[in-house]
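J.: Dropping a structure here in structure tokens format, bear with me for questions.
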Amino acid sequence: MFRKALAVAVSRTTRGTGLVSVRTHATTVDLKERWPRAMVREIYHIPLLDLVFRAASVHRNHHDPAKIQLCTLLNIKSGGCSEDCSYCSQSSRYDTANEASALLKIEPVLEAARKAKENGSTRFCMGAAWRDMNGRRRSFDRILDMVRQVRAMDMEVCTTLGMLSPEQAKQLKEAGCTAVNHNLDTSREFYPQVITTRSYDERLETIAAVRNAGISVCTGGILGLGETDEDRIGLIWETGNFEEHPESFPVNALVPIKGTPLENNEPVPWHTLVRTIATARIVMPETIIRLAAGRQSLSEAEQAIAFQAGANAIFTGERMLTTPCSPWDEDKAMMDRLGLSGMRSFERDQKSTLDVCTDAEAGDTACTPTMSKPTAAPSGAGPLT
């Protein structure tokens with residue numbers, strides 16, 4: 001059904017309209033459902049090199065391909081979580097090496113943010129291992145103060161705090177929070193095999209509260225949980241049909257941790273990560289796609305292919321929440337070799353004039369991709385949505 005439409009790359013997607021414009025050789029078709037699942041499935045199964053080429057073309061039409069967002073993540077409250085996420089060492093249900101700790105004081109957080117900024121990171125993310133913020137008024141007030149002071153450094157501020165109420169999301173927005181991460185993790189169908197203490201719809205409710213408060217949504221998934229291709233397709237289909245595409249979509253590779261139910265899972269192949277990134281780039285062309293946990297297991301060549309396929313953000317620094325992270329100096333050296341540079345704070349939507357050629361045009365010398373010099377958003381201008 002969609003084979004003709006998929007003979008060419010998607011030329012343009014309009015955020016917030018509920019429509020996707022798919023250019024075929026002869027016509028443009030508007031689909032009332034932004035991304036039918038069958039179309040996402042067919043995109044996902046395009047031969048890998050062809051898929052990467054198409055995704056790269058879409059990426060260059062919506063972003064500066066030489067720019068990468070550098071993010072640093074700090075665990076501000078570790079362990080003791082009541083949830084049963086089967087991949088997480090911070091769950092109190094599992095016997096892991098992770099030890100529960102109290103919420104950090106403000107100054108160590110600010111010191112970590114300053115260090116991150118000095119090393120080129122422009123987004124500072126803070127994660128706390130809680131199911132939700134209910135009954136934690138004093139802790140939440142301290143987190144709001146952290147948000148205010150990190151934002152005052154002219155850095156983007158992201159939090160991941162478990163489930164949030166609309167009022168809590170509103171307070172985070174007022175404090176200056178740029179984005180909230182709340183991953184869907186996987187498809188709706190496979191989700192109950194991974195987590196039972198929080199429903200898929202509860203995750204969607206938090207995402208809705210964040211969006212309604214005017215905060216950018218960061219939501220993605222974890223590969224290597226035992227899911228199938230169809231589950232990865234389902235995750236992209238779910239986020240691709242949000243009322244507005246998420247501002248960022250993290251693609252994590254499971255880092256198996258001893259003591260968790262998934263400690264013996266096999267590593268996800270690099271080509272599965274790249275295929276997922278490329279499909280997500282085509283489905284959500286303006287979204288920042290974050291190559292997140294597990295990146296340190298990829299070779300530099302594999303990371304380069306992921307960037308070519310549309311990944312344009314990484315976590316860098318000393319550590320993720322509970323797993324290793326690539327150090328700043330190593331990432332800077334890699335970026336230099338690949339001709340990449342870091343985005344500035346609040347730099348978004350750096351579109352080019354790259355033409356996306358049809359199959360018929362591909363052999364035409366007149367159809368040569370060209371890219372205009374992007375115009376950068378002013379530093380400190382605030383989040384763009």
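Residue numbering restarts at 1 for every chain of the structure tokens, chains are lettered A, B, ... in their displayed order, and ligands are numbered from 1 as they appear.
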Mind checking DSSP for stretch 198-236 of chain A and telling me the strand (DSSP E) residues as a ChimeraX atom specification?
T.: /A:216-218,221-223
J.: Do a neighbour search on stretch 200-202 of chain A at 9 Å with only C-alpha atoms, toss out local chain neighbours closer than 4 positions, and write the hits as a list in words.
T.: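 These residues fall inside the cut-off: Met163, Leu184, Ser187, Arg188, Tyr191, Pro192, Thr206 and Ile207 of chain A.
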J.: Go ahead and save the picked residues with N, CA, C and O atoms, as a PDB file, in the first residue's frame.
T.:
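Dumped to part21.pdb:
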```
ATOM      1  N   MET A 163       6.796  10.296  37.727  1.00  0.00           N
ATOM      2  CA  MET A 163       5.516  10.860  37.318  1.00  0.00           C
ATOM      3  C   MET A 163       5.321  12.260  37.905  1.00  0.00           C
ATOM      4  O   MET A 163       5.711  12.523  39.047  1.00  0.00           O
ATOM      5  N   LEU A 184       8.966   6.349  27.231  1.00  0.00           N
ATOM      6  CA  LEU A 184       7.965   5.292  27.088  1.00  0.00           C
ATOM      7  C   LEU A 184       8.623   3.919  27.163  1.00  0.00           C
ATOM      8  O   LEU A 184       7.956   2.917  27.400  1.00  0.00           O
ATOM      9  N   SER A 187       7.313  -0.470  23.110  1.00  0.00           N
ATOM     10  CA  SER A 187       5.945  -0.420  22.577  1.00  0.00           C
ATOM     11  C   SER A 187       4.930  -0.665  23.692  1.00  0.00           C
ATOM     12  O   SER A 187       5.245  -1.237  24.737  1.00  0.00           O
ATOM     13  N   ARG A 188       3.709  -0.245  23.436  1.00  0.00           N
ATOM     14  CA  ARG A 188       2.626  -0.497  24.398  1.00  0.00           C
ATOM     15  C   ARG A 188       2.455  -1.998  24.621  1.00  0.00           C
ATOM     16  O   ARG A 188       2.182  -2.450  25.745  1.00  0.00           O
ATOM     17  N   TYR A 191       5.482  -3.436  26.761  1.00  0.00           N
ATOM     18  CA  TYR A 191       5.729  -2.706  28.009  1.00  0.00           C
ATOM     19  C   TYR A 191       5.427  -3.533  29.272  1.00  0.00           C
ATOM     20  O   TYR A 191       6.237  -3.519  30.217  1.00  0.00           O
ATOM     21  N   PRO A 192       4.304  -4.266  29.361  1.00  0.00           N
ATOM     22  CA  PRO A 192       4.030  -5.025  30.599  1.00  0.00           C
ATOM     23  C   PRO A 192       5.059  -6.098  30.905  1.00  0.00           C
ATOM     24  O   PRO A 192       5.131  -6.578  32.052  1.00  0.00           O
ATOM     25  N   THR A 206       1.843  11.854  32.188  1.00  0.00           N
ATOM     26  CA  THR A 206       2.932  12.753  32.594  1.00  0.00           C
ATOM     27  C   THR A 206       3.432  13.549  31.397  1.00  0.00           C
ATOM     28  O   THR A 206       3.673  14.767  31.499  1.00  0.00           O
ATOM     29  N   ILE A 207       3.586  12.895  30.266  1.00  0.00           N
ATOM     30  CA  ILE A 207       4.031  13.586  29.044  1.00  0.00           C
ATOM     31  C   ILE A 207       3.044  14.693  28.678  1.00  0.00           C
ATOM     32  O   ILE A 207       3.441  15.805  28.315  1.00  0.00           O
TER      33      ILE A 207
END
```
J.: Need to verify the contact set: A:Gly162, 8 Å, only C-alpha atoms, exclusion of same-chain residues closer than 2 positions in sequence. Can you return it as a PDB file with C-alpha atoms, in the first residue's frame?
T.:
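around-v4.pdb, freshly written:
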```pdb
ATOM      1  CA  ALA A 128      16.019  11.401  40.743  1.00  0.00           C
ATOM      2  CA  ALA A 129      15.012   7.794  41.469  1.00  0.00           C
ATOM      3  CA  TRP A 130      11.414   8.241  42.587  1.00  0.00           C
ATOM      4  CA  ARG A 131       8.117   6.876  41.347  1.00  0.00           C
ATOM      5  CA  ASP A 132       6.614  10.348  41.674  1.00  0.00           C
ATOM      6  CA  MET A 133       7.001  13.626  43.590  1.00  0.00           C
ATOM      7  CA  THR A 160      13.658  13.257  35.024  1.00  0.00           C
ATOM      8  CA  LEU A 164       4.472  14.517  37.517  1.00  0.00           C
ATOM      9  CA  HIS A 182       9.882  10.621  30.673  1.00  0.00           C
TER      10      HIS A 182
END
```
J.: Extract the full set of helix (DSSP H, G or I) residues from stretch 183-321 of chain A according to DSSP on the backbone, and format it as a PyMOL selection string.
T.: chain A and resi 191-193+200-212+229-240+270-283+295-297+300-308
J.: Can you tell me which residues surround stretch 66-76 of chain A at a distance of at most 9 Å, considering only C-alpha atoms, apart from same-chain residues fewer than 3 positions away, and format the answer as a ChimeraX atom specification?
T.: /A:63,101-105,109,112-113,116-117,120-129,158,288,290,307,311-322,335,338-345,347
J.: Would you please work out which residue, of A:Arg54, A:Pro269, A:Ser297, A:Asn119, is nearest to A:Pro327 when using only C-alpha atoms?
T.: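 Of the candidates, the smallest distance to A:Pro327 is held by A:Asn119.
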J.: Check the smallest atom-to-atom distance from each of A:Glu111, A:Asp331, A:Glu238, A:Glu167 to A:Asn183 using only C-alpha atoms, then report the winner.
T.: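 The shortest atom-to-atom distance to A:Asn183 comes from A:Glu238.
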J.: Residues of stretch 28-64 of chain A within 12 Å of stretch 216-232 of chain A: nearest atom pair and distance (Å, one decimal) for each, counting only C-alpha atoms, sorted by chain and number, as a tab-separated table?
T.:
```
residue	atom	partner	partner_atom	distance
A:Arg37	CA	A:Glu230	CA	9.8
A:Ala38	CA	A:Glu230	CA	10.5
A:Val40	CA	A:Glu230	CA	9.9
A:Arg41	CA	A:Glu230	CA	7.5
A:Glu42	CA	A:Glu230	CA	10.9
A:Ile43	CA	A:Asp229	CA	11.9
A:Tyr44	CA	A:Asp229	CA	8.5
A:His45	CA	A:Asp229	CA	9.1
```
J.: Deliver the residues from the most recent selection as a file, using all heavy atoms, as a CSV table (one decimal), in the first residue's frame.
T.:
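Written output follows (part_37.csv):
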```
chain,number,residue,atom,x,y,z
A,37,ARG,N,0.9,2.9,11.2
A,37,ARG,CA,1.9,1.9,11.7
A,37,ARG,C,2.6,1.1,10.5
A,37,ARG,O,3.7,0.8,10.5
A,37,ARG,CB,1.3,1.0,12.7
A,37,ARG,CG,2.3,0.1,13.4
A,37,ARG,CD,1.8,-0.4,14.7
A,37,ARG,NE,2.7,-1.2,15.4
A,37,ARG,CZ,2.7,-1.5,16.7
A,37,ARG,NH1,1.8,-0.9,17.5
A,37,ARG,NH2,3.6,-2.3,17.3
A,38,ALA,N,1.7,0.8,9.5
A,38,ALA,CA,2.2,0.0,8.4
A,38,ALA,C,3.3,0.8,7.6
A,38,ALA,O,4.3,0.2,7.1
A,38,ALA,CB,1.1,-0.4,7.4
A,40,VAL,N,5.4,3.1,9.1
A,40,VAL,CA,6.6,3.1,9.9
A,40,VAL,C,7.3,1.7,9.8
A,40,VAL,O,8.5,1.7,9.7
A,40,VAL,CB,6.2,3.3,11.4
A,40,VAL,CG1,7.4,3.3,12.3
A,40,VAL,CG2,5.5,4.7,11.5
A,41,ARG,N,6.5,0.7,9.7
A,41,ARG,CA,7.1,-0.7,9.6
A,41,ARG,C,7.8,-0.8,8.3
A,41,ARG,O,8.9,-1.3,8.2
A,41,ARG,CB,6.0,-1.7,9.6
A,41,ARG,CG,6.4,-3.2,9.5
A,41,ARG,CD,5.3,-4.1,9.6
A,41,ARG,NE,4.5,-4.0,10.8
A,41,ARG,CZ,3.3,-3.6,10.9
A,41,ARG,NH1,2.6,-3.2,9.7
A,41,ARG,NH2,2.6,-3.5,12.0
A,42,GLU,N,7.3,-0.3,7.2
A,42,GLU,CA,7.9,-0.4,5.9
A,42,GLU,C,9.2,0.4,5.8
A,42,GLU,O,10.2,0.0,5.3
A,42,GLU,CB,7.0,0.0,4.8
A,42,GLU,CG,7.5,-0.4,3.4
A,42,GLU,CD,6.4,-0.6,2.4
A,42,GLU,OE1,5.2,-0.5,2.7
A,42,GLU,OE2,6.8,-0.8,1.2
A,43,ILE,N,9.2,1.6,6.4
A,43,ILE,CA,10.4,2.4,6.5
A,43,ILE,C,11.5,1.7,7.3
A,43,ILE,O,12.6,1.6,6.9
A,43,ILE,CB,10.1,3.8,7.2
A,43,ILE,CG1,9.2,4.6,6.4
A,43,ILE,CG2,11.4,4.5,7.5
A,43,ILE,CD1,8.6,5.9,7.1
A,44,TYR,N,11.1,1.1,8.4
A,44,TYR,CA,12.1,0.4,9.3
A,44,TYR,C,12.8,-0.7,8.6
A,44,TYR,O,14.0,-1.0,8.8
A,44,TYR,CB,11.3,-0.1,10.5
A,44,TYR,CG,12.2,-0.8,11.6
A,44,TYR,CD1,12.8,-0.1,12.6
A,44,TYR,CD2,12.5,-2.2,11.5
A,44,TYR,CE1,13.6,-0.7,13.5
A,44,TYR,CE2,13.3,-2.8,12.4
A,44,TYR,CZ,13.9,-2.0,13.4
A,44,TYR,OH,14.7,-2.7,14.4
A,45,HIS,N,12.1,-1.4,7.6
A,45,HIS,CA,12.6,-2.5,7.0
A,45,HIS,C,13.3,-2.2,5.6
A,45,HIS,O,13.6,-3.1,4.9
A,45,HIS,CB,11.5,-3.6,6.8
A,45,HIS,CG,11.2,-4.3,8.1
A,45,HIS,ND1,12.0,-5.0,8.8
A,45,HIS,CD2,10.0,-4.3,8.8
A,45,HIS,CE1,11.5,-5.5,9.9
A,45,HIS,NE2,10.2,-5.0,9.9
```
J.: What is the atom CA of A:His62 to atom CA of A:Glu156 distance in Å?
T.: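 Going from atom CA of A:His62 over to atom CA of A:Glu156, I get 20.9 Å.
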J.: Calculated over only C-alpha atoms, which of the candidates A:Glu189, A:Asp329, A:Glu247, A:Glu99 has the smallest distance to A:Val210?
T.: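 For A:Val210, the nearest of the candidates is A:Glu247.
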J.: Quick one: distance from atom CA of A:Gln193 to atom CA of A:Leu273 in Å, one decimal?
T.: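 Atom-to-atom, atom CA of A:Gln193 to atom CA of A:Leu273, that is 20.8 Å.
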J.: Write out as number ranges by chain the residues lying within 8 Å of A:Trp270, counting only C-alpha atoms and excluding same-chain residues fewer than 2 positions away.
T.: A: 268, 272-274, 298, 302
J.: For those residues, write all heavy atoms to a file as an mmCIF file, in the first residue's frame.
T.:
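Okay, result-v9.cif is ready:
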```cif
data_model
loop_
_atom_site.group_PDB
_atom_site.id
_atom_site.type_symbol
_atom_site.label_atom_id
_atom_site.label_comp_id
_atom_site.auth_asym_id
_atom_site.auth_seq_id
_atom_site.Cartn_x
_atom_site.Cartn_y
_atom_site.Cartn_z
ATOM 1 N N VAL A 268 22.487 -5.197 22.270
ATOM 2 C CA VAL A 268 21.760 -4.907 21.035
ATOM 3 C C VAL A 268 22.767 -4.633 19.924
ATOM 4 O O VAL A 268 23.761 -3.933 20.131
ATOM 5 C CB VAL A 268 20.808 -3.709 21.243
ATOM 6 C CG1 VAL A 268 21.569 -2.440 21.583
ATOM 7 C CG2 VAL A 268 19.929 -3.495 20.025
ATOM 8 N N THR A 272 20.985 -2.383 14.684
ATOM 9 C CA THR A 272 19.612 -2.191 15.176
ATOM 10 C C THR A 272 19.451 -0.786 15.736
ATOM 11 O O THR A 272 18.421 -0.131 15.530
ATOM 12 C CB THR A 272 19.281 -3.242 16.253
ATOM 13 O OG1 THR A 272 19.375 -4.543 15.677
ATOM 14 C CG2 THR A 272 17.881 -3.038 16.806
ATOM 15 N N LEU A 273 20.469 -0.306 16.443
ATOM 16 C CA LEU A 273 20.454 1.082 16.917
ATOM 17 C C LEU A 273 20.362 2.050 15.742
ATOM 18 O O LEU A 273 19.543 2.983 15.748
ATOM 19 C CB LEU A 273 21.724 1.377 17.716
ATOM 20 C CG LEU A 273 21.756 1.014 19.198
ATOM 21 C CD1 LEU A 273 23.180 1.169 19.724
ATOM 22 C CD2 LEU A 273 20.811 1.884 19.997
ATOM 23 N N VAL A 274 21.188 1.836 14.723
ATOM 24 C CA VAL A 274 21.197 2.738 13.572
ATOM 25 C C VAL A 274 19.865 2.691 12.838
ATOM 26 O O VAL A 274 19.322 3.732 12.438
ATOM 27 C CB VAL A 274 22.363 2.375 12.626
ATOM 28 C CG1 VAL A 274 22.246 3.119 11.298
ATOM 29 C CG2 VAL A 274 23.697 2.692 13.294
ATOM 30 N N LEU A 298 29.868 1.409 21.427
ATOM 31 C CA LEU A 298 29.974 1.542 19.978
ATOM 32 C C LEU A 298 31.360 2.033 19.581
ATOM 33 O O LEU A 298 31.960 2.856 20.274
ATOM 34 C CB LEU A 298 28.927 2.534 19.455
ATOM 35 C CG LEU A 298 27.459 2.218 19.725
ATOM 36 C CD1 LEU A 298 26.581 3.342 19.169
ATOM 37 C CD2 LEU A 298 27.067 0.875 19.118
ATOM 38 N N GLU A 302 30.921 3.208 14.152
ATOM 39 C CA GLU A 302 29.499 2.944 14.366
ATOM 40 C C GLU A 302 28.764 4.197 14.825
ATOM 41 O O GLU A 302 27.629 4.467 14.399
ATOM 42 C CB GLU A 302 29.339 1.803 15.371
ATOM 43 C CG GLU A 302 29.761 0.448 14.805
ATOM 44 C CD GLU A 302 29.991 -0.614 15.862
ATOM 45 O OE1 GLU A 302 30.017 -0.272 17.079
ATOM 46 O OE2 GLU A 302 30.164 -1.785 15.473
#
```
J.: Compile the contact shell of A:Asn98 as a list in words: residues with an atom at most 8 Å away, counting only C-alpha atoms, same-chain residues fewer than 4 positions apart removed.
T.: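 The neighbour list is Ser78, Gly79, Ser89, Gln90 and Thr322 of chain A.
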J.: Which one of A:Arg211, A:Arg138, A:Arg148, A:Lys258 sits closest to A:Lys170 if you count only C-alpha atoms?
T.: A:Arg211
